[in-house]
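Peer 1: Dropping a structure here in C-alpha cells format, bear with me for questions.
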Amino acid sequence: MRKYAALVWSVALNSFLEGARSRFFTMFAVFAFTAVYASVLAGVMAVDQEERLLGDFGLLLTELTTLAYLLFNASSSLLREAETKTIYLVFSRPVPRWAYLAGKLAGALLTGAMMLLLMGAIHLSLLYFRGFGLPPFYGWALAGIFLKLCVIVSFAFFVSLFSTSAVSTLVISAIMWTLGHFAAEARFLAEEAAGFKGLLLGLLINLVPNLQLFNARDAAGAAGALPASVLLPAAAWTLACYLAGLWLLSRKEF
Amino acid sequence: MKHAVSFAGVGKTYRRPGLLGARYHTALTDVSFELPAGEVTGLLGLNGAGKTTIMKLITGLLFPDAGKIRVFGHSPSDEAAKARVGFLPELPYFPPQLKPADALAYYGRLSGLSGAALAAAVEDAMRKTGLEPHAGKRVSEFSKGMLQRLGLAQALLHSPDLLVLDEPVSGLDPLAIHDIRSLLAGLNSEGRAIFLSSHSISEVEKLCSRVLIMVRGTLARTVKRQEWEASPAGLEGIFVEAVR
C-alpha cells in the first residue's frame, strides 16, 4: 500500500509543480490580483455596504479565477500528456492507471488549494487596507469553494477522457458548474412538471451535483459555518467522477 | 532458451470513430515471434508496417485484439512485466523547465525507486548516457541528441532486463549515433535484451543478432546475422526483397 501511496504522491507532486510553474498560473494570479483590487471602485460606490460588497466580490473573483484556471488545467492535462507522449513513459512503467488518475486529480486540487490561499491573501490584504477585519465566514467560504472545485475538477478529468478537445471539456465542465448552481430551482421545476417530463427532469437532476450546498455565504446566514454533512455529497460526487474517469482510462489505448 | 517476449497469433485493429460510423485499420495480422532474453533484435519495416504497434503492445500501451503476448511470462499490462521493461518512444518529450536529474528522478519514483537507490540510479543513468556534463542545463537547452540520451536514461533507471527502443537513432548526428550504439552494445553485454526499431538498415546490421521484417502488418521474415552476412546483398538486399 505504501508503494501505491508513493506513486500517487509522485504523480500529484509532479502535476502540482507543473501547474504552479505554468505561465498561465502567473497570468491568472495577476489577473485575479488586478480584479480584486479593482473591486475597490465598486466598493466606493456601495457607500455604507462597502465591507459586504468587497467581501462578496472578492470571494466571487476568487472562486471564478480558481475555477477557470483549474478547468483549463484539468481539461488539457491528460490530453497534453497523450499528445507529447509523456504518458508513454508513465504507463510503460508499473504505474496502475487508478494511481495515475488519483495523482493527477490530487495534483490539480493541490494547485487549486494553493491558488485559493494566494487569492485569499490578496483579498484579505485589500480588506485590511480598507480598514475592514476578517469576515467571520471567510475560512468556511474558502472551504466551500474548495469542495466545489473537488467536484467540478474530477468531473473535468472524466470528460477529458472522452472529449476530443480541451475546449469541449472546458465548455461541458463550465456548463455543469453553472447547472450545479441552479439545482434547487431545477428540482422545483421537476416537482412542478407532470408526467414523463417531470420524471425525465427528475432523473437528469440527479446527474447534476448540487453546488449550492457548498456556498458558505448561504449557510452562514443560518449557522455561520458549512455543516459537516456537505462533505458527504462532495466526496460522493468526486468519487463518482473519479470512478467513471477510471473506467474510461482503464480501457484507453495510447 | 528463455524468451523475453513472445507473440502468438497477435492481431491489432485500430478503430477511428467518425461522424458517419467508425473506420477500421488493421495494423497487425497473425504476428508470431519470440525475442530471446539477452539478445539484440531489430525490427525493420516501411512506414505503417506495424513496428510502433508491436512496441506499444509489448509495453502495455495498446491491447491486442487477437492472439497472446507474454513479457517474461506475464501479460504486458502486469506490473511484474512492466518492472522488467524499459521503453524509449520515438521523440520523447520532457518538460523544458526541468533539469535532467529532476526529470529522471520523477520517472525513477514511478519505477518504484526512492531515497539513496533513486539517487544512485539517476547518477548511473546519467553517467551511462553521457549526460553528466550537461547536468546543470535545462531540458529546453538540450539538442535532439541530448534529448534522445535523456530518453534512454529514463528507460535505464530501473535496470530493466528488456529495452524496447522505438527509432533510437532517428535524426541524430553521426557522433551521437556512434555514442548510442556503443551504449547499447554495452548494455547488451550486461545481459539485457534489446528490441529496437529503425529505418536505418546499417544501424540494425551493426547492432542486432536477429532482425524481424514487417510488411503491411505481417511478419514477412526473421533473419539471423549469419544469414545476412552470408548473403551477397547483405541485410539491405534481404529487406528490399521482403518488402517489394
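Numbering starts fresh at 1 for the residues of each chain in the C-alpha cells, the chains themselves are lettered A, B, ... in the order given, and ligands are numbered from 1 as they appear.
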Taking only C-alpha atoms into account and nothing else, which residues of chain B lie no more than 9 Å away from chain A? Please answer as a ChimeraX atom specification.

Peer 2: /B:56,58-63,77-95,97,106-107,109-112,154-155

Peer 1: Could you pull the residues within 10 Å of A:Phe28, counting only C-alpha atoms, minus those fewer than 5 positions along the same chain, as a list in words?

Peer 2: Arg23, Phe33, Thr34, Thr65, Thr66, Ala68, Tyr69 and Met115 of chain A

Peer 1: Within stretch 55-152 of chain B, find each residue whose DSSP state, derived from the backbone, is strand (DSSP E or B), and express the selection as a PyMOL selection string.

Peer 2: chain B and resi 66-71+74+85-88

Peer 1: Write the residues you've just listed into a file as a compact mmCIF listing (two decimals), in the first residue's frame, and include C-alpha atoms for each of them.

Peer 2:
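Writing done, so here's result-v6.txt:
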```txt
# COMPACT_ATOMS: atom_id res chain seq x y z
CA ALA B 66 -6.31 -11.37 -31.12
CA GLY B 67 -3.58 -13.73 -30.01
CA LYS B 68 -1.45 -13.80 -26.91
CA ILE B 69 1.51 -11.72 -25.77
CA ARG B 70 3.83 -12.67 -22.94
CA VAL B 71 6.58 -10.49 -21.48
CA HIS B 74 3.41 -12.18 -17.81
CA VAL B 85 10.93 -3.37 -19.34
CA GLY B 86 12.43 0.00 -20.22
CA PHE B 87 10.81 1.90 -23.09
CA LEU B 88 12.13 4.69 -25.26
```

Peer 1: Could you name the residues that touch A:Leu116 at 8 Å or less, counting only C-alpha atoms, but leaving out those on the same chain fewer than 6 positions away, as a PyMOL selection string?

Peer 2: chain A and resi 62-63+66+142+146

Peer 1: Assign secondary structure with DSSP using the backbone only, and return the residues of stretch 37-252 of chain A in helix (DSSP H, G or I) as JSON, numbers by chain.

Peer 2: {"A": [37, 38, 39, 40, 41, 42, 43, 44, 45, 47, 48, 49, 50, 51, 52, 53, 54, 55, 56, 57, 58, 59, 60, 61, 62, 63, 64, 65, 66, 67, 68, 69, 70, 71, 72, 73, 74, 75, 76, 77, 78, 79, 80, 81, 82, 83, 86, 87, 88, 89, 90, 91, 97, 98, 99, 100, 101, 102, 103, 104, 105, 106, 107, 108, 109, 110, 111, 112, 113, 114, 115, 116, 117, 118, 119, 120, 121, 122, 123, 124, 125, 126, 127, 128, 129, 138, 139, 140, 141, 142, 143, 144, 145, 146, 147, 148, 149, 150, 151, 152, 153, 154, 155, 156, 157, 158, 159, 160, 166, 167, 168, 169, 170, 171, 172, 173, 174, 175, 176, 177, 178, 179, 180, 183, 184, 185, 186, 187, 188, 189, 190, 191, 192, 195, 196, 197, 198, 199, 200, 201, 202, 203, 204, 205, 211, 212, 213, 214, 216, 217, 218, 219, 220, 221, 222, 228, 229, 230, 231, 232, 233, 234, 235, 236, 237, 238, 239, 240, 241, 242, 243, 244, 245, 246, 247, 248, 249, 250, 251]}

Peer 1: Find the residues around A:Ile175 up to 12 Å (only C-alpha atoms counted), leave out those fewer than 4 positions away in its own chain, and share them as a ChimeraX atom specification.

Peer 2: /A:71,152,155-156,168-171,179-182,208-209

Peer 1: Using the selection just defined, write its residues with N, CA, C and O atoms as a PDB file, in the first residue's frame.

Peer 2:
```pdb
ATOM      1  N   LEU A  71     -10.028  24.407 -14.371  1.00  0.00           N
ATOM      2  CA  LEU A  71     -10.696  23.760 -15.506  1.00  0.00           C
ATOM      3  C   LEU A  71      -9.772  23.754 -16.716  1.00  0.00           C
ATOM      4  O   LEU A  71      -9.684  22.757 -17.433  1.00  0.00           O
ATOM      5  N   ILE A 152     -16.021  19.619  -9.411  1.00  0.00           N
ATOM      6  CA  ILE A 152     -16.015  20.031 -10.825  1.00  0.00           C
ATOM      7  C   ILE A 152     -14.708  19.641 -11.524  1.00  0.00           C
ATOM      8  O   ILE A 152     -14.696  19.328 -12.717  1.00  0.00           O
ATOM      9  N   PHE A 155     -14.927  16.048 -12.350  1.00  0.00           N
ATOM     10  CA  PHE A 155     -15.827  15.930 -13.498  1.00  0.00           C
ATOM     11  C   PHE A 155     -15.074  16.287 -14.790  1.00  0.00           C
ATOM     12  O   PHE A 155     -15.214  15.609 -15.815  1.00  0.00           O
ATOM     13  N   ALA A 156     -14.253  17.341 -14.734  1.00  0.00           N
ATOM     14  CA  ALA A 156     -13.495  17.764 -15.927  1.00  0.00           C
ATOM     15  C   ALA A 156     -12.513  16.671 -16.360  1.00  0.00           C
ATOM     16  O   ALA A 156     -12.349  16.415 -17.561  1.00  0.00           O
ATOM     17  N   SER A 168     -13.772  21.600 -25.620  1.00  0.00           N
ATOM     18  CA  SER A 168     -15.086  20.992 -25.359  1.00  0.00           C
ATOM     19  C   SER A 168     -15.183  20.543 -23.890  1.00  0.00           C
ATOM     20  O   SER A 168     -16.238  20.680 -23.271  1.00  0.00           O
ATOM     21  N   THR A 169     -14.085  20.036 -23.323  1.00  0.00           N
ATOM     22  CA  THR A 169     -14.089  19.660 -21.903  1.00  0.00           C
ATOM     23  C   THR A 169     -14.371  20.877 -21.037  1.00  0.00           C
ATOM     24  O   THR A 169     -15.170  20.836 -20.093  1.00  0.00           O
ATOM     25  N   LEU A 170     -13.684  21.956 -21.380  1.00  0.00           N
ATOM     26  CA  LEU A 170     -13.834  23.205 -20.633  1.00  0.00           C
ATOM     27  C   LEU A 170     -15.289  23.686 -20.666  1.00  0.00           C
ATOM     28  O   LEU A 170     -15.874  24.036 -19.631  1.00  0.00           O
ATOM     29  N   VAL A 171     -15.873  23.656 -21.863  1.00  0.00           N
ATOM     30  CA  VAL A 171     -17.244  24.151 -22.030  1.00  0.00           C
ATOM     31  C   VAL A 171     -18.235  23.251 -21.270  1.00  0.00           C
ATOM     32  O   VAL A 171     -19.089  23.742 -20.511  1.00  0.00           O
ATOM     33  N   LEU A 179     -24.985  24.728 -14.083  1.00  0.00           N
ATOM     34  CA  LEU A 179     -26.191  23.964 -13.731  1.00  0.00           C
ATOM     35  C   LEU A 179     -26.210  23.614 -12.241  1.00  0.00           C
ATOM     36  O   LEU A 179     -27.263  23.638 -11.603  1.00  0.00           O
ATOM     37  N   GLY A 180     -25.031  23.310 -11.712  1.00  0.00           N
ATOM     38  CA  GLY A 180     -24.913  22.935 -10.294  1.00  0.00           C
ATOM     39  C   GLY A 180     -25.364  24.026  -9.349  1.00  0.00           C
ATOM     40  O   GLY A 180     -25.711  23.767  -8.194  1.00  0.00           O
ATOM     41  N   HIS A 181     -25.358  25.268  -9.852  1.00  0.00           N
ATOM     42  CA  HIS A 181     -25.795  26.387  -9.009  1.00  0.00           C
ATOM     43  C   HIS A 181     -27.295  26.676  -9.143  1.00  0.00           C
ATOM     44  O   HIS A 181     -27.795  27.623  -8.551  1.00  0.00           O
ATOM     45  N   PHE A 182     -27.947  25.876  -9.973  1.00  0.00           N
ATOM     46  CA  PHE A 182     -29.398  26.037 -10.123  1.00  0.00           C
ATOM     47  C   PHE A 182     -30.125  24.737  -9.775  1.00  0.00           C
ATOM     48  O   PHE A 182     -31.219  24.484 -10.264  1.00  0.00           O
ATOM     49  N   VAL A 208     -26.740  15.975 -11.859  1.00  0.00           N
ATOM     50  CA  VAL A 208     -26.060  17.272 -11.684  1.00  0.00           C
ATOM     51  C   VAL A 208     -25.758  17.482 -10.199  1.00  0.00           C
ATOM     52  O   VAL A 208     -26.656  17.412  -9.368  1.00  0.00           O
ATOM     53  N   PRO A 209     -24.478  17.736  -9.869  1.00  0.00           N
ATOM     54  CA  PRO A 209     -24.158  17.967  -8.458  1.00  0.00           C
ATOM     55  C   PRO A 209     -24.776  19.280  -7.967  1.00  0.00           C
ATOM     56  O   PRO A 209     -24.774  20.276  -8.694  1.00  0.00           O
TER      57      PRO A 209
END
```

Peer 1: Quick one: pull the distance between atom CA of A:Pro233 and atom CA of A:Leu213, Å, one decimal.

Peer 2: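 If I compute the distance from atom CA of A:Pro233 to atom CA of A:Leu213, I get 8.7 Å.
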
Peer 1: Rounded to one decimal, what separation in Å do you get between atom CA of A:Val36 and atom CA of A:Phe57?

Peer 2: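 Separating atom CA of A:Val36 from atom CA of A:Phe57 is a distance of 7.7 Å.
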